[in-house]
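K.L.:
So here's structure.pdb, just PDB, C-alpha atoms:
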ATOM      1  CA  MET A   1       0.000   0.000   0.000
ATOM      2  CA  ALA A   2       1.206   3.502  -0.785
ATOM      3  CA  THR A   3       1.590   5.995   2.029
ATOM      4  CA  THR A   4       1.371   9.779   2.135
ATOM      5  CA  THR A   5       4.523  11.869   2.424
ATOM      6  CA  ASN A   6       4.149  13.689   5.735
ATOM      7  CA  TYR A   7       2.038  11.505   7.967
ATOM      8  CA  GLY A   8       2.304   8.049   6.344
ATOM      9  CA  TRP A   9      -1.415   7.593   5.794
ATOM     10  CA  THR A  10      -2.091   4.490   3.728
ATOM     11  CA  THR A  11      -3.721   4.925   0.329
ATOM     12  CA  PRO A  12      -4.775   2.211  -2.130
ATOM     13  CA  ASP A  13      -2.542   1.354  -5.052
ATOM     14  CA  ASP A  14      -3.847   1.487  -8.625
ATOM     15  CA  THR A  15      -3.755  -2.313  -8.731
ATOM     16  CA  ASP A  16      -5.830  -2.833  -5.579
ATOM     17  CA  LEU A  17      -9.280  -4.369  -5.980
ATOM     18  CA  VAL A  18     -12.306  -2.065  -6.086
ATOM     19  CA  LYS A  19     -14.160  -4.390  -3.688
ATOM     20  CA  ASN A  20     -11.631  -3.436  -1.021
ATOM     21  CA  GLY A  21     -12.268   0.300  -1.542
ATOM     22  CA  ALA A  22     -14.572   0.751   1.474
ATOM     23  CA  ASP A  23     -12.017  -0.840   3.775
ATOM     24  CA  ALA A  24      -9.266   1.355   2.351
ATOM     25  CA  ILE A  25     -11.323   4.469   2.939
ATOM     26  CA  ARG A  26     -12.017   3.443   6.566
ATOM     27  CA  ASP A  27      -8.338   2.872   7.229
ATOM     28  CA  LEU A  28      -7.439   6.224   5.685
ATOM     29  CA  GLY A  29     -10.143   8.025   7.658
ATOM     30  CA  SER A  30      -8.990   6.455  10.929
ATOM     31  CA  ALA A  31      -5.407   7.467  10.256
ATOM     32  CA  ILE A  32      -6.445  11.078   9.484
ATOM     33  CA  ASP A  33      -8.583  11.190  12.609
ATOM     34  CA  THR A  34      -5.662  10.059  14.750
ATOM     35  CA  SER A  35      -3.304  12.635  13.245
ATOM     36  CA  MET A  36      -5.802  15.483  13.616
ATOM     37  CA  ASN A  37      -6.476  14.631  17.256
ATOM     38  CA  THR A  38      -2.778  14.620  17.920
ATOM     39  CA  ALA A  39      -2.317  18.017  16.271
ATOM     40  CA  LEU A  40      -5.368  19.752  17.652
ATOM     41  CA  GLY A  41      -6.418  17.672  20.649
ATOM     42  CA  THR A  42      -3.535  16.649  22.829
ATOM     43  CA  LYS A  43      -0.996  18.999  21.192
ATOM     44  CA  LYS A  44      -3.077  21.976  20.146
ATOM     45  CA  ALA A  45      -1.522  25.378  19.469
ATOM     46  CA  GLY A  46      -0.531  27.312  22.592
ATOM     47  CA  MET A  47      -1.882  30.577  21.275
ATOM     48  CA  VAL A  48      -4.543  31.185  18.666
ATOM     49  CA  LEU A  49      -4.666  34.436  16.694
ATOM     50  CA  LEU A  50      -8.172  35.851  17.103
ATOM     51  CA  ASP A  51      -7.924  39.234  15.407
ATOM     52  CA  THR A  52      -5.451  41.606  13.777
ATOM     53  CA  THR A  53      -6.542  45.153  13.110
ATOM     54  CA  SER A  54      -4.496  47.741  11.231
ATOM     55  CA  PHE A  55      -5.619  51.334  11.555
ATOM     56  CA  SER A  56      -4.611  54.863  10.649
ATOM     57  CA  GLY A  57      -5.564  58.354  11.786
ATOM     58  CA  VAL A  58      -8.066  57.521  14.529
ATOM     59  CA  ALA A  59      -8.483  58.969  18.001
ATOM     60  CA  SER A  60      -9.186  55.518  19.407
ATOM     61  CA  GLN A  61      -9.179  51.956  18.134
ATOM     62  CA  ALA A  62     -11.152  49.095  19.637
ATOM     63  CA  PHE A  63     -11.214  45.415  18.865
ATOM     64  CA  PRO A  64     -14.565  44.147  17.599
ATOM     65  CA  ASN A  65     -17.171  43.268  20.213
ATOM     66  CA  ASP A  66     -16.963  39.742  21.627
ATOM     67  CA  ILE A  67     -13.248  39.316  20.964
ATOM     68  CA  PHE A  68     -13.067  37.940  24.518
ATOM     69  CA  THR A  69     -15.205  34.815  24.809
ATOM     70  CA  ALA A  70     -15.738  31.858  27.091
ATOM     71  CA  THR A  71     -13.301  29.845  24.940
ATOM     72  CA  TYR A  72     -10.262  31.360  26.639
ATOM     73  CA  ASP A  73      -9.592  32.619  30.152
ATOM     74  CA  ASN A  74      -6.486  34.590  29.172
ATOM     75  CA  TYR A  75      -5.284  36.565  26.158
ATOM     76  CA  LEU A  76      -2.083  38.070  24.789
ATOM     77  CA  LEU A  77      -2.245  41.540  23.250
ATOM     78  CA  VAL A  78       0.534  42.671  20.896
ATOM     79  CA  TYR A  79       0.595  46.261  19.670
ATOM     80  CA  LYS A  80       2.646  48.636  17.510
ATOM     81  CA  ILE A  81       1.433  52.245  17.516
ATOM     82  CA  THR A  82       2.605  55.736  16.587
ATOM     83  CA  GLY A  83       0.865  59.029  17.292
ATOM     84  CA  THR A  84       0.481  62.414  15.635
ATOM     85  CA  ILE A  85       1.337  64.312  18.811
ATOM     86  CA  SER A  86       4.461  63.390  20.703
ATOM     87  CA  ALA A  87       4.115  62.556  24.396
ATOM     88  CA  ALA A  88       0.391  61.930  24.081
ATOM     89  CA  SER A  89      -0.712  59.287  26.533
ATOM     90  CA  LEU A  90      -1.859  55.914  25.225
ATOM     91  CA  THR A  91      -4.476  54.278  27.394
ATOM     92  CA  ILE A  92      -6.623  51.158  27.384
ATOM     93  CA  ARG A  93     -10.208  50.679  28.537
ATOM     94  CA  LEU A  94     -12.076  47.407  28.781
ATOM     95  CA  ARG A  95     -15.364  47.213  26.891
ATOM     96  CA  ALA A  96     -18.630  45.392  27.381
ATOM     97  CA  ALA A  97     -21.318  45.366  24.675
ATOM     98  CA  GLY A  98     -19.666  48.226  22.827
ATOM     99  CA  VAL A  99     -19.333  50.504  25.855
ATOM    100  CA  ASP A 100     -16.026  51.482  27.461
ATOM    101  CA  ALA A 101     -15.598  50.885  31.188
ATOM    102  CA  SER A 102     -14.620  54.455  32.052
ATOM    103  CA  GLY A 103     -15.221  54.440  35.806
ATOM    104  CA  ALA A 104     -12.392  55.144  38.247
ATOM    105  CA  ASN A 105     -11.588  51.464  38.675
ATOM    106  CA  TYR A 106      -8.186  51.014  37.070
ATOM    107  CA  GLU A 107      -5.040  50.740  39.134
ATOM    108  CA  ARG A 108      -1.461  50.249  38.088
ATOM    109  CA  ALA A 109       1.936  49.541  39.626
ATOM    110  CA  GLY A 110       5.286  49.381  37.911
ATOM    111  CA  ILE A 111       8.026  51.477  36.461
ATOM    112  CA  PHE A 112       8.954  53.550  33.441
ATOM    113  CA  TYR A 113      12.675  53.851  32.680
ATOM    114  CA  ASN A 114      14.170  55.819  29.787
ATOM    115  CA  ASN A 115      17.539  55.835  28.034
ATOM    116  CA  ALA A 116      18.466  59.097  29.728
ATOM    117  CA  GLY A 117      18.800  57.007  32.867
ATOM    118  CA  THR A 118      15.676  58.338  34.525
ATOM    119  CA  SER A 119      12.915  56.324  36.052
ATOM    120  CA  ALA A 120       9.419  57.131  37.202
ATOM    121  CA  ALA A 121       7.010  55.034  39.189
ATOM    122  CA  ALA A 122       3.882  53.988  37.372
ATOM    123  CA  ASN A 123       1.741  53.687  40.487
ATOM    124  CA  VAL A 124      -1.821  54.855  40.108
ATOM    125  CA  THR A 125      -5.099  54.014  41.827
ATOM    126  CA  GLY A 126      -8.632  55.068  41.015
ATOM    127  CA  ALA A 127      -7.865  55.903  37.386
ATOM    128  CA  THR A 128     -10.486  55.998  34.630
ATOM    129  CA  SER A 129      -8.265  54.091  32.223
ATOM    130  CA  TYR A 130      -5.102  52.032  32.135
ATOM    131  CA  SER A 131      -2.296  54.219  30.819
ATOM    132  CA  ILE A 132       0.321  52.110  29.068
ATOM    133  CA  GLY A 133       2.722  54.975  28.405
ATOM    134  CA  ALA A 134       3.357  57.913  26.113
ATOM    135  CA  ILE A 135       3.610  57.569  22.342
ATOM    136  CA  ASP A 136       5.914  59.189  19.810
ATOM    137  CA  THR A 137       5.425  60.627  16.342
ATOM    138  CA  THR A 138       8.383  58.960  14.652
ATOM    139  CA  ALA A 139       9.193  55.827  16.603
ATOM    140  CA  ILE A 140       6.884  52.899  17.215
ATOM    141  CA  SER A 141       5.498  52.328  20.675
ATOM    142  CA  ALA A 142       5.278  48.577  20.925
ATOM    143  CA  GLY A 143       4.809  45.834  23.395
ATOM    144  CA  GLN A 144       2.864  42.932  24.736
ATOM    145  CA  ILE A 145       0.268  42.753  27.447
ATOM    146  CA  LEU A 146      -0.993  39.543  28.996
ATOM    147  CA  ILE A 147      -4.662  40.002  29.859
ATOM    148  CA  LEU A 148      -5.981  37.621  32.501
ATOM    149  CA  SER A 149      -9.653  36.813  33.029
ATOM    150  CA  PRO A 150     -11.319  39.612  31.038
ATOM    151  CA  LYS A 151     -14.396  37.573  30.185
ATOM    152  CA  ILE A 152     -14.689  35.893  33.579
ATOM    153  CA  ALA A 153     -16.478  37.567  36.498
ATOM    154  CA  GLU A 154     -13.144  38.312  38.169
ATOM    155  CA  ARG A 155     -10.935  41.361  38.366
ATOM    156  CA  THR A 156      -9.183  41.633  35.005
ATOM    157  CA  THR A 157      -5.406  41.755  35.378
ATOM    158  CA  PHE A 158      -2.824  43.080  32.924
ATOM    159  CA  VAL A 159       0.893  42.284  32.785
ATOM    160  CA  GLN A 160       2.725  44.680  30.461
ATOM    161  CA  ASN A 161       6.228  44.637  29.003
ATOM    162  CA  SER A 162       6.709  47.334  26.402
ATOM    163  CA  SER A 163       8.562  50.310  25.024
ATOM    164  CA  ALA A 164       7.553  53.735  26.272
ATOM    165  CA  PHE A 165       8.421  57.365  25.628
ATOM    166  CA  VAL A 166       8.782  59.835  28.468
ATOM    167  CA  SER A 167      10.156  63.332  28.116
ATOM    168  CA  SER A 168      10.832  62.485  24.467
ATOM    169  CA  ASN A 169      13.301  59.779  25.484
ATOM    170  CA  PHE A 170      12.917  56.166  24.452
ATOM    171  CA  GLY A 171      12.472  53.776  27.323
ATOM    172  CA  MET A 172      10.628  50.801  28.729
ATOM    173  CA  ALA A 173       7.627  50.067  30.864
ATOM    174  CA  ALA A 174       7.201  47.081  33.169
ATOM    175  CA  ILE A 175       3.749  47.319  34.664
ATOM    176  CA  THR A 176       0.995  45.294  36.214
ATOM    177  CA  ALA A 177      -2.483  46.711  36.276
ATOM    178  CA  ARG A 178      -5.961  45.615  37.068
ATOM    179  CA  HIS A 179      -9.585  46.605  36.838
ATOM    180  CA  THR A 180     -11.107  46.374  40.300
ATOM    181  CA  LEU A 181     -14.649  45.411  39.298
ATOM    182  CA  THR A 182     -15.547  41.724  38.858
ATOM    183  CA  THR A 183     -17.246  42.364  35.548
ATOM    184  CA  ALA A 184     -16.994  40.268  32.398
ATOM    185  CA  TYR A 185     -15.759  42.278  29.401
ATOM    186  CA  ASP A 186     -15.783  41.292  25.747
ATOM    187  CA  SER A 187     -13.325  43.718  24.153
ATOM    188  CA  LEU A 188     -10.953  46.589  24.795
ATOM    189  CA  ASN A 189     -10.195  50.008  23.354
ATOM    190  CA  PHE A 190      -6.948  51.921  22.737
ATOM    191  CA  ILE A 191      -7.344  55.684  23.230
ATOM    192  CA  CYS A 192      -4.787  58.456  22.787
ATOM    193  CA  SER A 193      -5.074  61.577  24.888
ATOM    194  CA  SER A 194      -4.528  63.943  21.968
ATOM    195  CA  GLY A 195      -4.130  63.715  18.233
ATOM    196  CA  ASN A 196      -4.554  60.426  16.386
ATOM    197  CA  ILE A 197      -2.900  57.028  16.349
ATOM    198  CA  SER A 198      -1.894  54.588  13.623
ATOM    199  CA  GLY A 199      -0.581  51.072  13.844
ATOM    200  CA  GLN A 200      -1.583  47.488  14.391
ATOM    201  CA  ILE A 201      -3.061  45.566  17.281
ATOM    202  CA  ALA A 202      -3.403  41.807  17.527
ATOM    203  CA  ILE A 203      -5.037  39.599  20.131
ATOM    204  CA  TYR A 204      -4.321  35.923  20.801
ATOM    205  CA  GLY A 205      -6.274  33.458  22.909
ATOM    206  CA  VAL A 206      -4.066  31.462  25.268
ATOM    207  CA  ASN A 207      -4.929  27.756  25.282
ATOM    208  CA  GLU A 208      -4.875  25.791  28.512
TER     209      GLU A 208
ATOM    210  CA  MET B   1     -10.771  71.908  20.111
ATOM    211  CA  ALA B   2     -14.516  71.938  19.198
ATOM    212  CA  THR B   3     -13.658  72.006  15.493
ATOM    213  CA  GLU B   4     -11.336  69.017  15.803
ATOM    214  CA  LYS B   5     -12.517  66.034  13.777
ATOM    215  CA  ILE B   6     -12.752  62.900  15.910
ATOM    216  CA  VAL B   7     -12.731  59.514  14.184
ATOM    217  CA  ILE B   8     -12.734  56.276  16.148
ATOM    218  CA  GLY B   9     -12.119  52.744  14.979
ATOM    219  CA  ILE B  10     -14.011  49.633  16.066
ATOM    220  CA  GLY B  11     -12.561  46.623  14.332
ATOM    221  CA  GLU B  12     -12.435  47.508  10.639
ATOM    222  CA  GLU B  13     -15.151  50.181  10.953
ATOM    223  CA  MET B  14     -14.286  53.891  11.236
ATOM    224  CA  ILE B  15     -16.824  56.260  12.763
ATOM    225  CA  GLU B  16     -16.698  60.054  12.920
ATOM    226  CA  LEU B  17     -18.046  61.277  16.249
ATOM    227  CA  LYS B  18     -20.351  64.274  16.234
ATOM    228  CA  GLY B  19     -22.419  66.286  18.676
ATOM    229  CA  ALA B  20     -22.720  64.969  22.225
ATOM    230  CA  ASP B  21     -20.618  61.884  21.494
ATOM    231  CA  LYS B  22     -17.774  64.050  20.272
ATOM    232  CA  ASP B  23     -18.012  66.400  23.251
ATOM    233  CA  ALA B  24     -17.989  63.464  25.662
ATOM    234  CA  PHE B  25     -14.933  61.950  23.989
ATOM    235  CA  ILE B  26     -13.019  65.226  24.178
ATOM    236  CA  ALA B  27     -13.955  65.703  27.846
ATOM    237  CA  GLN B  28     -12.759  62.200  28.706
ATOM    238  CA  ARG B  29      -9.496  62.856  26.897
ATOM    239  CA  GLU B  30      -8.842  65.953  28.943
ATOM    240  CA  ALA B  31      -9.398  63.981  32.134
ATOM    241  CA  ASP B  32      -7.000  61.261  30.936
ATOM    242  CA  ASN B  33      -4.368  63.901  30.237
ATOM    243  CA  VAL B  34      -4.184  64.790  33.909
ATOM    244  CA  GLN B  35      -2.937  61.313  34.779
ATOM    245  CA  SER B  36      -0.258  61.231  32.103
ATOM    246  CA  LYS B  37       0.982  64.692  33.058
ATOM    247  CA  LEU B  38       1.587  63.531  36.630
ATOM    248  CA  VAL B  39       3.979  60.849  35.392
ATOM    249  CA  GLU B  40       5.651  63.308  33.037
ATOM    250  CA  ALA B  41       6.089  65.815  35.885
ATOM    251  CA  GLU B  42       7.721  63.197  38.117
ATOM    252  CA  TYR B  43      10.065  62.242  35.336
ATOM    253  CA  LYS B  44      11.031  65.830  34.637
ATOM    254  CA  ALA B  45      11.683  66.532  38.306
ATOM    255  CA  LYS B  46      13.968  63.519  38.547
ATOM    256  CA  GLN B  47      15.754  64.430  35.315
ATOM    257  CA  ASP B  48      16.328  68.008  36.524
ATOM    258  CA  ALA B  49      17.646  66.755  39.870
ATOM    259  CA  ARG B  50      19.987  64.353  38.098
ATOM    260  CA  ASP B  51      21.323  67.051  35.780
ATOM    261  CA  SER B  52      21.888  69.391  38.725
ATOM    262  CA  ALA B  53      23.721  66.724  40.724
ATOM    263  CA  ILE B  54      25.957  65.870  37.768
ATOM    264  CA  LYS B  55      26.812  69.523  37.253
ATOM    265  CA  LYS B  56      27.768  69.959  40.926
ATOM    266  CA  LEU B  57      29.788  66.755  40.834
ATOM    267  CA  GLY B  58      31.673  68.060  37.842
ATOM    268  CA  GLU B  59      32.444  71.324  39.560
ATOM    269  CA  ILE B  60      33.751  69.588  42.675
ATOM    270  CA  ALA B  61      35.867  67.098  40.762
ATOM    271  CA  GLY B  62      37.037  69.580  38.158
ATOM    272  CA  LEU B  63      35.694  67.456  35.291
ATOM    273  CA  THR B  64      34.408  68.699  31.955
ATOM    274  CA  LYS B  65      30.984  67.738  30.682
ATOM    275  CA  GLU B  66      32.570  65.396  28.168
ATOM    276  CA  GLU B  67      34.551  63.665  30.918
ATOM    277  CA  LEU B  68      31.435  63.269  32.998
ATOM    278  CA  ASP B  69      29.512  61.854  30.037
ATOM    279  CA  ALA B  70      32.296  59.349  29.517
ATOM    280  CA  ILE B  71      32.031  57.930  32.990
ATOM    281  CA  LEU B  72      28.298  58.229  33.727
TER     282      LEU B  72
END
Please express the file's structure as structure tokens.
P.N.:
Amino acid sequence: MATTTNYGWTTPDDTDLVKNGADAIRDLGSAIDTSMNTALGTKKAGMVLLDTTSFSGVASQAFPNDIFTATYDNYLLVYKITGTISAASLTIRLRAAGVDASGANYERAGIFYNNAGTSAAANVTGATSYSIGAIDTTAISAGQILILSPKIAERTTFVQNSSAFVSSNFGMAAITARHTLTTAYDSLNFICSSGNISGQIAIYGVNE
Amino acid sequence: MATEKIVIGIGEEMIELKGADKDAFIAQREADNVQSKLVEAEYKAKQDARDSAIKKLGEIAGLTKEELDAIL
């Protein structure tokens, strides 16, 4: 019997009898089923890309509604953004049913550090959004944020590792943040404090 | 500010805000600015203090700015 190149599934030869065709198809189907379960069942992808959105010249950019679902507890956000006004603040708000959570329920702890050797604490409580740092007009503000439990009725937590611009100097931000309400959210929104933003945002579901 | 065009993106859709929605967005932005300015102010204060300390150090040690830059 012939076999396929990558997974060695058996296929009938041209000289095999037609009366054995049903049996050959069953064997092939069983072999495919086993391979697919291995790839997607017991060894499924660690992260699944859910959405990539490229945008230009907007004051804010949100993911579509229902990007956070019951399929995943946790998500990874990757972003690359520039602004039209240097030192504008880039913030995030969680969203539910198309409405931003803009109450004073965001808190943040961490540090900004720039290449001029200066640091600033990123500690904030009772904020109306989660500020992820300032943006620049020529260089890309980029990073990743692990978002834990946004769709579960728990406090949503963020773990950020990114570039940041402060006082026009390039730097980094290492921050944890959280939303203090135990509300389930289905999306989030990037907002700049002045001017417009352009770039790309992508969200991945983290498999467990 | 009132004449500023505000366009927001939701997924692939772009929406121009007008009227009360636009006013609300601008007001929220101004409130957000307060928070970012606090961080910027802390940074600037630390940067100014650092620059002042380096200058005094240079004066005490008799080092030029270039020499200080080389070792700091």
K.L.:
Quick one: of A:Leu94, A:Met36, A:Ala202, A:Ala134, who's nearest to chain B, counting only C-alpha atoms?
P.N.:
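The answer is A:Ala134, which sits nearest to chain B.
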K.L.:
Define the interface residues of chain A facing chain B as those within 7 Å, counting only C-alpha atoms, and report them as a PDB file with C-alpha atoms, in the frame of the given file.
P.N.:
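Saved the output as iface_38.pdb:
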ATOM      1  CA  THR A  53      -6.542  45.153  13.110  1.00  0.00           C
ATOM      2  CA  VAL A  58      -8.066  57.521  14.529  1.00  0.00           C
ATOM      3  CA  ALA A  59      -8.483  58.969  18.001  1.00  0.00           C
ATOM      4  CA  SER A  60      -9.186  55.518  19.407  1.00  0.00           C
ATOM      5  CA  GLN A  61      -9.179  51.956  18.134  1.00  0.00           C
ATOM      6  CA  ALA A  62     -11.152  49.095  19.637  1.00  0.00           C
ATOM      7  CA  PHE A  63     -11.214  45.415  18.865  1.00  0.00           C
ATOM      8  CA  PRO A  64     -14.565  44.147  17.599  1.00  0.00           C
ATOM      9  CA  SER A  89      -0.712  59.287  26.533  1.00  0.00           C
ATOM     10  CA  THR A 118      15.676  58.338  34.525  1.00  0.00           C
ATOM     11  CA  SER A 119      12.915  56.324  36.052  1.00  0.00           C
ATOM     12  CA  ALA A 120       9.419  57.131  37.202  1.00  0.00           C
ATOM     13  CA  VAL A 166       8.782  59.835  28.468  1.00  0.00           C
ATOM     14  CA  SER A 167      10.156  63.332  28.116  1.00  0.00           C
ATOM     15  CA  SER A 193      -5.074  61.577  24.888  1.00  0.00           C
TER      16      SER A 193
END
K.L.:
Take the PyMOL selection byres ((chain A and resi 158-162) around 6), apply it to the structure above, and return the hits as an MDAnalysis selection string.
P.N.:
chainID A and resid 142:147 157 163 172:178
K.L.:
Residues picked by the PyMOL selection byres ((chain A and resi 86) around 6) here, as a PDB file with C-alpha atoms, keeping the file's coordinate frame?
P.N.:
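Once written, part.pdb looks like this:
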ATOM      1  CA  ILE A  85       1.337  64.312  18.811  1.00  0.00           C
ATOM      2  CA  ALA A  87       4.115  62.556  24.396  1.00  0.00           C
ATOM      3  CA  ALA A  88       0.391  61.930  24.081  1.00  0.00           C
ATOM      4  CA  ASP A 136       5.914  59.189  19.810  1.00  0.00           C
ATOM      5  CA  THR A 137       5.425  60.627  16.342  1.00  0.00           C
TER       6      THR A 137
END
K.L.:
What is the atom CA of A:Ser141-atom CA of B:Asp69 distance in Å, reported with one decimal?
P.N.:
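Those two atoms sit 27.5 Å apart.
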K.L.:
Using all atoms listed in the file for the distances, tell me which of A:Ala139, A:Ala2, A:Met47, A:Leu28 is nearest to A:Ala164.
P.N.:
A:Ala139
